[in-house]
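Working notes for the structure below.
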Amino acid sequence: MSFAQGGCLCGKLRYDVACPPSKITMCHCKFCQKATGGAYMIQPVFNVDDFAVTAGVPKVYTHISEGSGQEVRVHFCDTCGTKIFLTFQRFEGAVGIFGGTLDDPNAINITTDNAKHIFLSDGQKDSFIPPHINAFAAHVVQSDGTPVAPLVLDQPERIADLKLGPT
Ligand SMILES: [Zn+2]
Ligand SMILES: [Zn+2]
């Protein structure tokens, strides 16, 4: 039994996930804004062993990350153009899906424990950040591996109204 299914607009590409995501990243970076055409990407992340394409063969666009210089691979439908999932040179064991491609995105529960907002410094000024969830100006750890203290709000706030620390 799979936990959830999803697919592209035209239905040629279909996928299955076997379990809930290990984490959910809401990313406001420019890559995610361009890739989704939205304000940020809701990205449930799965172990590659818990994800399977069940119909069709995705086309792949390989993007070189400006930050890390490493490959981010965008898997999409070459008929309807829907982007289905990402894979990463930095994290070969992980698959990050475009959350809106799930047949039922509400099958996934976003909680304080499993989810975070990142790259608020690149976010759109009118995006709201919910309370009681870890939020970060950029990455969760600095390039030397030092963890960054999260910003945790008491009430929803616009990105324009946040006091962001150094990225
Ligand atoms: Zn399609
Ligand atoms: Zn991003």
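Residue numbers start at 1 in each chain; chains themselves are named A, B, ... in the order of the structure tokens; ligands are numbered from 1 in the order shown.
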Would you pick out the contacts of range 46-61 of chain A at 7 Å or less, using only C-alpha atoms, so that residues sharing its chain but fewer than 4 positions from it are not included, and give the list as number ranges by chain? A: 12-19, 21-22, 73-78, 93-96
Those residues with N, CA and C atoms, as a PDB file, in the first residue's frame please?
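The resulting part.pdb:
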ATOM      1  N   LYS A  12       0.263  11.898 -17.725  1.00  0.00           N
ATOM      2  CA  LYS A  12       1.234  10.946 -18.298  1.00  0.00           C
ATOM      3  C   LYS A  12       2.233  10.474 -17.247  1.00  0.00           C
ATOM      4  N   LEU A  13       2.636  11.400 -16.359  1.00  0.00           N
ATOM      5  CA  LEU A  13       3.560  11.039 -15.280  1.00  0.00           C
ATOM      6  C   LEU A  13       2.767  10.805 -14.009  1.00  0.00           C
ATOM      7  N   ARG A  14       3.041   9.670 -13.363  1.00  0.00           N
ATOM      8  CA  ARG A  14       2.407   9.365 -12.071  1.00  0.00           C
ATOM      9  C   ARG A  14       3.480   8.858 -11.117  1.00  0.00           C
ATOM     10  N   TYR A  15       3.283   9.124  -9.828  1.00  0.00           N
ATOM     11  CA  TYR A  15       4.217   8.608  -8.825  1.00  0.00           C
ATOM     12  C   TYR A  15       3.484   8.178  -7.568  1.00  0.00           C
ATOM     13  N   ASP A  16       4.202   7.387  -6.786  1.00  0.00           N
ATOM     14  CA  ASP A  16       3.735   6.849  -5.509  1.00  0.00           C
ATOM     15  C   ASP A  16       4.756   7.197  -4.433  1.00  0.00           C
ATOM     16  N   VAL A  17       4.287   7.522  -3.242  1.00  0.00           N
ATOM     17  CA  VAL A  17       5.189   7.577  -2.091  1.00  0.00           C
ATOM     18  C   VAL A  17       4.693   6.578  -1.055  1.00  0.00           C
ATOM     19  N   ALA A  18       5.652   5.897  -0.405  1.00  0.00           N
ATOM     20  CA  ALA A  18       5.300   4.768   0.449  1.00  0.00           C
ATOM     21  C   ALA A  18       4.942   5.180   1.863  1.00  0.00           C
ATOM     22  N   CYS A  19       5.302   6.394   2.278  1.00  0.00           N
ATOM     23  CA  CYS A  19       5.149   6.799   3.677  1.00  0.00           C
ATOM     24  C   CYS A  19       5.088   8.325   3.736  1.00  0.00           C
ATOM     25  N   PRO A  21       6.361  12.128   4.422  1.00  0.00           N
ATOM     26  CA  PRO A  21       7.698  12.676   4.163  1.00  0.00           C
ATOM     27  C   PRO A  21       8.528  12.744   5.438  1.00  0.00           C
ATOM     28  N   SER A  22       9.853  12.650   5.275  1.00  0.00           N
ATOM     29  CA  SER A  22      10.745  12.775   6.436  1.00  0.00           C
ATOM     30  C   SER A  22      10.776  14.215   6.929  1.00  0.00           C
ATOM     31  N   ARG A  73      18.471  18.602  -9.984  1.00  0.00           N
ATOM     32  CA  ARG A  73      17.826  18.064 -11.190  1.00  0.00           C
ATOM     33  C   ARG A  73      16.311  18.215 -11.075  1.00  0.00           C
ATOM     34  N   VAL A  74      15.738  18.858 -12.078  1.00  0.00           N
ATOM     35  CA  VAL A  74      14.294  19.114 -12.110  1.00  0.00           C
ATOM     36  C   VAL A  74      13.667  18.068 -13.045  1.00  0.00           C
ATOM     37  N   HIS A  75      12.768  17.251 -12.497  1.00  0.00           N
ATOM     38  CA  HIS A  75      12.134  16.170 -13.266  1.00  0.00           C
ATOM     39  C   HIS A  75      10.732  16.634 -13.638  1.00  0.00           C
ATOM     40  N   PHE A  76      10.452  16.659 -14.947  1.00  0.00           N
ATOM     41  CA  PHE A  76       9.193  17.258 -15.402  1.00  0.00           C
ATOM     42  C   PHE A  76       8.586  16.469 -16.552  1.00  0.00           C
ATOM     43  N   CYS A  77       7.328  16.789 -16.842  1.00  0.00           N
ATOM     44  CA  CYS A  77       6.611  16.125 -17.932  1.00  0.00           C
ATOM     45  C   CYS A  77       6.871  16.883 -19.228  1.00  0.00           C
ATOM     46  N   ASP A  78       7.323  16.185 -20.255  1.00  0.00           N
ATOM     47  CA  ASP A  78       7.637  16.868 -21.511  1.00  0.00           C
ATOM     48  C   ASP A  78       6.395  17.064 -22.382  1.00  0.00           C
ATOM     49  N   GLY A  93      20.383  10.571  -1.658  1.00  0.00           N
ATOM     50  CA  GLY A  93      19.343   9.680  -1.145  1.00  0.00           C
ATOM     51  C   GLY A  93      17.973  10.312  -1.043  1.00  0.00           C
ATOM     52  N   ALA A  94      17.837  11.580  -1.455  1.00  0.00           N
ATOM     53  CA  ALA A  94      16.592  12.312  -1.201  1.00  0.00           C
ATOM     54  C   ALA A  94      15.867  12.670  -2.491  1.00  0.00           C
ATOM     55  N   VAL A  95      14.543  12.689  -2.384  1.00  0.00           N
ATOM     56  CA  VAL A  95      13.679  13.175  -3.461  1.00  0.00           C
ATOM     57  C   VAL A  95      12.779  14.245  -2.852  1.00  0.00           C
ATOM     58  N   GLY A  96      12.761  15.422  -3.452  1.00  0.00           N
ATOM     59  CA  GLY A  96      11.867  16.489  -2.992  1.00  0.00           C
ATOM     60  C   GLY A  96      10.782  16.694  -4.027  1.00  0.00           C
TER      61      GLY A  96
END
Show me, as a Markdown table, the residues of chain A having an atom within 8 Å of ligand 2, each with the closest atom pair and its distance in Å, using only C-alpha atoms and all ligand atoms.
| residue | atom | partner | partner_atom_place_in_ligand_line | distance |
| --- | --- | --- | --- | --- |
| A:Met26 | CA | ligand 2 | 1 (Zn) | 7.8 |
| A:Cys27 | CA | ligand 2 | 1 (Zn) | 4.4 |
| A:His28 | CA | ligand 2 | 1 (Zn) | 5.6 |
| A:Cys29 | CA | ligand 2 | 1 (Zn) | 4.1 |
| A:Lys30 | CA | ligand 2 | 1 (Zn) | 6.4 |
| A:Phe31 | CA | ligand 2 | 1 (Zn) | 5.3 |
| A:Cys32 | CA | ligand 2 | 1 (Zn) | 4.2 |
| A:Gln33 | CA | ligand 2 | 1 (Zn) | 7.3 |
| A:Tyr40 | CA | ligand 2 | 1 (Zn) | 7.5 |
| A:Met41 | CA | ligand 2 | 1 (Zn) | 6.8 |
| A:Ile118 | CA | ligand 2 | 1 (Zn) | 7.7 |
| A:Phe119 | CA | ligand 2 | 1 (Zn) | 7.1 |
Could you pull out the residues in range 39-163 of chain A that DSSP calls strand (DSSP E or B) from the backbone, as a VMD selection string? chain A and resid 41 to 47 51 to 55 59 to 64 71 to 76 83 to 88 94 to 97 102 115 to 118 128 to 129 134 to 135 141 147 151 157 to 158
Enumerate as a PyMOL selection string all residues of chain A assigned to helix (DSSP H, G or I) by DSSP on the backbone, naming them with the chain letters and numbers the document uses. chain A and resi 30-36+48-50+99-101+105-107+120-122+159-161
Just checking: using only C-alpha atoms and all ligand atoms, which residue out of A:Ile42, A:Lys34, A:Gly7, A:Asn114 ends up closest to ligand 1?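 With only C-alpha atoms and all ligand atoms as the atom set, the closest residue is A:Gly7.
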